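Visitor: Once you've had a glance at the structure underneath, I'll fire off some questions.
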Amino acid sequence: MASVPNPVSSVRLSNIINNPLRNSSPLTPISLSLTRRRLTIRATETDANEVKPQAPDKAPAKSGSSFNQILGIKGARQETDIWKIRVQLTKPVTWPPLVWGVVCGAAASGNFHWSVEDVAKSIVCMLMSGPCLTGYTQTLNDWYDREIDAINEPYRPIPSGAISKNEVITQIWVLLLGGLGLAGLLDVWAGHNFPIVFYLAVGGSLLSYIYSAPPLKLKQNGWVGNFALGASYISLPWWAGQALFGTLTPDIIVLTLLYSIAGLGIAIVNDFKSVEGDRAMGLQSLPVAFGSETAKWICVGAIDITQLSVAGYLLGAGKPYYALALLGLIIPQVFFQFKYFLKDPVKYDVKYQASAQPFLILGLLVTALATSHPS
């Protein structure tokens, strides 16, 4: 970035330290004069207000973590191995919620058995939901977020140039087609007359595309985008797991979509660290639209009220023990919200998610088991 030189200031250093600063004429060259009593230095200076800090084009290699690099999270070491970079783009750290969603769906079906075949089916469904389709989603999102990442995280693989455009596009297509292929295989394996798993995979892939890509780019709106993200992480893998082993019913669709409001809250957690880039690119994330103070309360409200509503539903459905179990899992989440997230959602985001979210995903399993058992 170019900056306009300002009038030169002259700084005089001597053994009489109380001499005032004085201005000299523009573009005066640096000069030094030594005397027995006095050293005078003149140098061109620019106005600090005109100097814009430049983000580094890559993360310092020594300070980065190879573990973070493989997981695809912040603080990653700069890597040159193309296969490690490809894995990084798929963000393996985001796979577990999808894998867990498949587990919940299988549990909710009431038809999963600990046989070799059922375990094999579930593993293939997890591969479809996690590495393939979530990997597709994350790579696609990074591709369309490359301009934002150039502001927020310029050392990431795409904005730093560590991977080429053609390599990224190829990865997107391979992961998408691989995921859809596994979905079709699962329908054949399960003997479905209607390929429901395949159509769920197609719908989820389309949702991922319109979430990240123009012209719709759902993520531009904090409410719509984060709900779509929540549904992708909670509802879709649950539906796939339940459809694979049983029947996907309307009441389960409604219940999981309700739970996706909690997913909206989880998605907001990740928006706080990207406020600068989102604002620069015109994305109306909730921290940008409402300010961080209001957005953090919207976040915890979405997470807590949703789970309390589900607990009320279970109680009303005649399943009080499951409702009490879910309430017991909400309490530590609220504790960690006050301990970490509400204090500083940027500084403590990782600690909060690591501490609170295990209780949320256990609550999902409690709900799934409740729906699989009649009153």
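Chain lettering (A, B, ...) mirrors the order of the structure tokens, residue numbering begins at 1 for each chain separately, and ligand numbering begins at 1 in order of display.
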Name all residues at most 9 Å from region 70-72 of chain A (count only C-alpha atoms; drop same-chain ones fewer than 4 positions away) and give them as a ChimeraX atom specification.
Guide: /A:65-66,76,84-85,87-94
Visitor: For the residues selected in the previous step, produce a file with N, CA and C atoms as an mmCIF file, in the first residue's frame.
Guide:
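Result went into part.cif, see below:
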data_model
loop_
_atom_site.group_PDB
_atom_site.id
_atom_site.type_symbol
_atom_site.label_atom_id
_atom_site.label_comp_id
_atom_site.auth_asym_id
_atom_site.auth_seq_id
_atom_site.Cartn_x
_atom_site.Cartn_y
_atom_site.Cartn_z
ATOM 1 N N SER A 65 1.370 -24.857 14.265
ATOM 2 C CA SER A 65 1.276 -26.228 14.773
ATOM 3 C C SER A 65 0.927 -27.169 13.629
ATOM 4 N N SER A 66 1.666 -28.261 13.505
ATOM 5 C CA SER A 66 1.376 -29.250 12.470
ATOM 6 C C SER A 66 0.064 -29.971 12.781
ATOM 7 N N ALA A 76 -2.286 -22.903 12.275
ATOM 8 C CA ALA A 76 -1.669 -24.001 11.549
ATOM 9 C C ALA A 76 -0.281 -23.623 11.041
ATOM 10 N N LYS A 84 -1.171 -32.794 2.458
ATOM 11 C CA LYS A 84 -1.496 -32.233 3.770
ATOM 12 C C LYS A 84 -2.351 -30.977 3.606
ATOM 13 N N ILE A 85 -2.068 -30.209 2.582
ATOM 14 C CA ILE A 85 -2.863 -29.002 2.316
ATOM 15 C C ILE A 85 -4.285 -29.388 1.924
ATOM 16 N N VAL A 87 -5.923 -32.060 2.850
ATOM 17 C CA VAL A 87 -6.617 -32.469 4.078
ATOM 18 C C VAL A 87 -7.004 -31.246 4.899
ATOM 19 N N GLN A 88 -6.098 -30.278 4.991
ATOM 20 C CA GLN A 88 -6.370 -29.059 5.756
ATOM 21 C C GLN A 88 -7.611 -28.351 5.237
ATOM 22 N N LEU A 89 -7.783 -28.302 3.923
ATOM 23 C CA LEU A 89 -8.942 -27.620 3.329
ATOM 24 C C LEU A 89 -10.260 -28.299 3.705
ATOM 25 N N THR A 90 -10.216 -29.600 3.960
ATOM 26 C CA THR A 90 -11.454 -30.301 4.316
ATOM 27 C C THR A 90 -11.824 -30.102 5.787
ATOM 28 N N LYS A 91 -10.934 -29.495 6.576
ATOM 29 C CA LYS A 91 -11.166 -29.207 7.996
ATOM 30 C C LYS A 91 -11.689 -30.432 8.756
ATOM 31 N N PRO A 92 -10.840 -31.425 8.987
ATOM 32 C CA PRO A 92 -11.288 -32.627 9.731
ATOM 33 C C PRO A 92 -11.888 -32.317 11.090
ATOM 34 N N VAL A 93 -11.536 -31.171 11.682
ATOM 35 C CA VAL A 93 -12.099 -30.829 12.987
ATOM 36 C C VAL A 93 -13.619 -30.657 12.916
ATOM 37 N N THR A 94 -14.147 -30.421 11.717
ATOM 38 C CA THR A 94 -15.596 -30.227 11.569
ATOM 39 C C THR A 94 -16.335 -31.532 11.275
#
Visitor: Fewer than 4 positions away in the same chain doesn't count, so skip those; otherwise give me all residues within 12 Å of Gly328 (chain A), counting only C-alpha atoms, as an MDAnalysis selection string.
Guide: chainID A and resid 307:308 311 321:324 332:335 359:360 362:363 366
Visitor: Can you write just those residues out, N, CA, C and O atoms, as a PDB file, in the first residue's frame?
Guide:
ATOM      1  N   GLN A 307     -32.748 -26.270  23.560  1.00  0.00           N
ATOM      2  CA  GLN A 307     -32.640 -27.512  24.334  1.00  0.00           C
ATOM      3  C   GLN A 307     -33.716 -27.598  25.415  1.00  0.00           C
ATOM      4  O   GLN A 307     -34.257 -28.675  25.685  1.00  0.00           O
ATOM      5  N   LEU A 308     -34.040 -26.452  26.033  1.00  0.00           N
ATOM      6  CA  LEU A 308     -35.116 -26.441  27.021  1.00  0.00           C
ATOM      7  C   LEU A 308     -36.453 -26.796  26.365  1.00  0.00           C
ATOM      8  O   LEU A 308     -37.280 -27.510  26.949  1.00  0.00           O
ATOM      9  N   ALA A 311     -36.489 -30.500  25.792  1.00  0.00           N
ATOM     10  CA  ALA A 311     -36.742 -31.171  27.079  1.00  0.00           C
ATOM     11  C   ALA A 311     -38.229 -31.106  27.421  1.00  0.00           C
ATOM     12  O   ALA A 311     -38.812 -32.091  27.907  1.00  0.00           O
ATOM     13  N   TYR A 321     -37.734 -39.134  32.218  1.00  0.00           N
ATOM     14  CA  TYR A 321     -36.344 -39.431  32.555  1.00  0.00           C
ATOM     15  C   TYR A 321     -35.391 -38.893  31.483  1.00  0.00           C
ATOM     16  O   TYR A 321     -34.312 -38.391  31.791  1.00  0.00           O
ATOM     17  N   TYR A 322     -35.816 -39.016  30.234  1.00  0.00           N
ATOM     18  CA  TYR A 322     -35.006 -38.442  29.156  1.00  0.00           C
ATOM     19  C   TYR A 322     -34.985 -36.915  29.248  1.00  0.00           C
ATOM     20  O   TYR A 322     -33.957 -36.275  29.000  1.00  0.00           O
ATOM     21  N   ALA A 323     -36.131 -36.331  29.599  1.00  0.00           N
ATOM     22  CA  ALA A 323     -36.204 -34.880  29.762  1.00  0.00           C
ATOM     23  C   ALA A 323     -35.279 -34.410  30.883  1.00  0.00           C
ATOM     24  O   ALA A 323     -34.557 -33.411  30.738  1.00  0.00           O
ATOM     25  N   LEU A 324     -35.262 -35.134  32.006  1.00  0.00           N
ATOM     26  CA  LEU A 324     -34.376 -34.774  33.124  1.00  0.00           C
ATOM     27  C   LEU A 324     -32.908 -34.934  32.740  1.00  0.00           C
ATOM     28  O   LEU A 324     -32.057 -34.131  33.133  1.00  0.00           O
ATOM     29  N   PRO A 332     -24.314 -27.680  32.697  1.00  0.00           N
ATOM     30  CA  PRO A 332     -22.901 -27.344  32.500  1.00  0.00           C
ATOM     31  C   PRO A 332     -22.653 -26.447  31.294  1.00  0.00           C
ATOM     32  O   PRO A 332     -21.693 -25.656  31.292  1.00  0.00           O
ATOM     33  N   GLN A 333     -23.508 -26.523  30.291  1.00  0.00           N
ATOM     34  CA  GLN A 333     -23.356 -25.623  29.142  1.00  0.00           C
ATOM     35  C   GLN A 333     -23.542 -24.173  29.569  1.00  0.00           C
ATOM     36  O   GLN A 333     -22.780 -23.283  29.161  1.00  0.00           O
ATOM     37  N   VAL A 334     -24.570 -23.925  30.378  1.00  0.00           N
ATOM     38  CA  VAL A 334     -24.811 -22.569  30.875  1.00  0.00           C
ATOM     39  C   VAL A 334     -23.639 -22.093  31.731  1.00  0.00           C
ATOM     40  O   VAL A 334     -23.197 -20.939  31.635  1.00  0.00           O
ATOM     41  N   PHE A 335     -23.101 -22.986  32.551  1.00  0.00           N
ATOM     42  CA  PHE A 335     -21.945 -22.638  33.393  1.00  0.00           C
ATOM     43  C   PHE A 335     -20.763 -22.182  32.534  1.00  0.00           C
ATOM     44  O   PHE A 335     -20.146 -21.139  32.799  1.00  0.00           O
ATOM     45  N   PHE A 359     -21.432 -31.598  25.926  1.00  0.00           N
ATOM     46  CA  PHE A 359     -22.712 -31.792  26.616  1.00  0.00           C
ATOM     47  C   PHE A 359     -23.885 -31.626  25.657  1.00  0.00           C
ATOM     48  O   PHE A 359     -24.907 -32.302  25.770  1.00  0.00           O
ATOM     49  N   LEU A 360     -23.722 -30.721  24.680  1.00  0.00           N
ATOM     50  CA  LEU A 360     -24.785 -30.523  23.695  1.00  0.00           C
ATOM     51  C   LEU A 360     -24.945 -31.753  22.822  1.00  0.00           C
ATOM     52  O   LEU A 360     -26.072 -32.213  22.559  1.00  0.00           O
ATOM     53  N   LEU A 362     -24.081 -34.809  23.528  1.00  0.00           N
ATOM     54  CA  LEU A 362     -24.648 -35.889  24.329  1.00  0.00           C
ATOM     55  C   LEU A 362     -26.162 -35.729  24.455  1.00  0.00           C
ATOM     56  O   LEU A 362     -26.917 -36.709  24.470  1.00  0.00           O
ATOM     57  N   GLY A 363     -26.604 -34.469  24.544  1.00  0.00           N
ATOM     58  CA  GLY A 363     -28.035 -34.195  24.580  1.00  0.00           C
ATOM     59  C   GLY A 363     -28.735 -34.646  23.310  1.00  0.00           C
ATOM     60  O   GLY A 363     -29.887 -35.115  23.348  1.00  0.00           O
ATOM     61  N   VAL A 366     -29.264 -38.339  23.705  1.00  0.00           N
ATOM     62  CA  VAL A 366     -30.361 -38.585  24.647  1.00  0.00           C
ATOM     63  C   VAL A 366     -31.701 -38.411  23.938  1.00  0.00           C
ATOM     64  O   VAL A 366     -32.626 -39.240  24.079  1.00  0.00           O
TER      65      VAL A 366
END
Visitor: I'd like the contact shell of Ser274 (chain A) - 10 Å cut-off, only C-alpha atoms, skipping same-chain residues fewer than 2 positions apart - returned as a CSV table (one decimal) with N, CA and C atoms, in the first residue's frame.
Guide:
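selection17.csv written:
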chain,number,residue,atom,x,y,z
A,148,ILE,N,-12.2,-12.9,1.8
A,148,ILE,CA,-12.4,-12.6,3.3
A,148,ILE,C,-11.2,-13.1,4.0
A,149,ASP,N,-10.8,-14.4,3.6
A,149,ASP,CA,-9.6,-15.0,4.3
A,149,ASP,C,-8.3,-14.2,4.1
A,151,ILE,N,-8.1,-11.2,4.3
A,151,ILE,CA,-8.1,-10.1,5.4
A,151,ILE,C,-8.0,-10.8,6.7
A,152,ASN,N,-8.8,-11.8,7.0
A,152,ASN,CA,-8.8,-12.4,8.4
A,152,ASN,C,-7.6,-13.4,8.6
A,153,GLU,N,-7.4,-14.3,7.6
A,153,GLU,CA,-6.4,-15.3,7.8
A,153,GLU,C,-5.6,-15.5,6.4
A,270,ASN,N,-18.6,-18.9,15.8
A,270,ASN,CA,-17.4,-18.8,14.9
A,270,ASN,C,-17.4,-17.5,14.2
A,271,ASP,N,-18.5,-16.7,14.3
A,271,ASP,CA,-18.6,-15.4,13.6
A,271,ASP,C,-17.8,-14.3,14.2
A,272,PHE,N,-17.6,-14.4,15.5
A,272,PHE,CA,-17.0,-13.3,16.3
A,272,PHE,C,-15.6,-13.0,15.8
A,276,GLU,N,-14.1,-8.4,11.3
A,276,GLU,CA,-13.4,-7.4,10.4
A,276,GLU,C,-13.6,-7.8,9.0
A,277,GLY,N,-13.3,-9.0,8.6
A,277,GLY,CA,-13.4,-9.4,7.2
A,277,GLY,C,-14.9,-9.4,6.8
A,278,ASP,N,-15.8,-9.9,7.6
A,278,ASP,CA,-17.2,-9.9,7.2
A,278,ASP,C,-17.7,-8.5,7.0
A,279,ARG,N,-17.3,-7.6,7.8
A,279,ARG,CA,-17.8,-6.2,7.6
A,279,ARG,C,-17.2,-5.6,6.3
A,285,SER,N,-23.2,-10.9,9.2
A,285,SER,CA,-23.2,-11.9,10.3
A,285,SER,C,-23.8,-11.2,11.5
A,287,PRO,N,-22.8,-10.8,14.7
A,287,PRO,CA,-22.0,-9.8,15.4
A,287,PRO,C,-21.8,-8.5,14.6
A,288,VAL,N,-21.8,-8.6,13.3
A,288,VAL,CA,-21.7,-7.3,12.5
A,288,VAL,C,-23.0,-6.6,12.6
A,346,VAL,N,-14.3,-14.0,21.6
A,346,VAL,CA,-13.2,-14.2,20.7
A,346,VAL,C,-12.0,-14.9,21.5
Visitor: Between A:Ala106, A:Ala183, A:Ala280, A:Ala120, which residue has the minimum interatomic distance to Cys132 (chain A), considering only C-alpha atoms?
Guide: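 Result for the nearest residue to Cys132 (chain A): A:Ala183.
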Visitor: Show which residues sit within 8 Å of region 158-175 of chain A, as a PyMOL selection string. Count only C-alpha atoms, and ignore same-chain residues fewer than 5 positions away.
Guide: chain A and resi 57-58+79-80+82+85-86+131-133+135-136+139-140+142-143+146-147+149-150
Visitor: Could you turn the residues from that selection into a file that holds C-alpha atoms, as an mmCIF file, in the first residue's frame?
Guide:
data_model
loop_
_atom_site.group_PDB
_atom_site.id
_atom_site.type_symbol
_atom_site.label_atom_id
_atom_site.label_comp_id
_atom_site.auth_asym_id
_atom_site.auth_seq_id
_atom_site.Cartn_x
_atom_site.Cartn_y
_atom_site.Cartn_z
ATOM 1 C CA ASP A 57 1.048 -13.212 3.675
ATOM 2 C CA LYS A 58 1.791 -16.362 5.600
ATOM 3 C CA GLU A 79 2.804 -26.567 4.787
ATOM 4 C CA THR A 80 4.133 -27.319 1.306
ATOM 5 C CA ILE A 82 0.023 -30.801 -1.322
ATOM 6 C CA ILE A 85 -2.863 -29.002 2.316
ATOM 7 C CA ARG A 86 -5.750 -30.903 0.730
ATOM 8 C CA PRO A 131 -14.761 -36.598 4.929
ATOM 9 C CA CYS A 132 -16.627 -36.481 1.603
ATOM 10 C CA LEU A 133 -19.549 -34.080 1.860
ATOM 11 C CA GLY A 135 -14.899 -31.913 3.127
ATOM 12 C CA TYR A 136 -16.615 -30.738 -0.072
ATOM 13 C CA THR A 139 -13.279 -26.668 0.524
ATOM 14 C CA LEU A 140 -16.064 -24.927 -1.402
ATOM 15 C CA ASP A 142 -12.818 -21.655 1.573
ATOM 16 C CA TRP A 143 -12.789 -21.099 -2.181
ATOM 17 C CA ARG A 146 -10.733 -16.465 -0.309
ATOM 18 C CA GLU A 147 -11.139 -12.676 -0.358
ATOM 19 C CA ASP A 149 -9.597 -14.959 4.317
ATOM 20 C CA ALA A 150 -7.094 -12.629 2.656
#
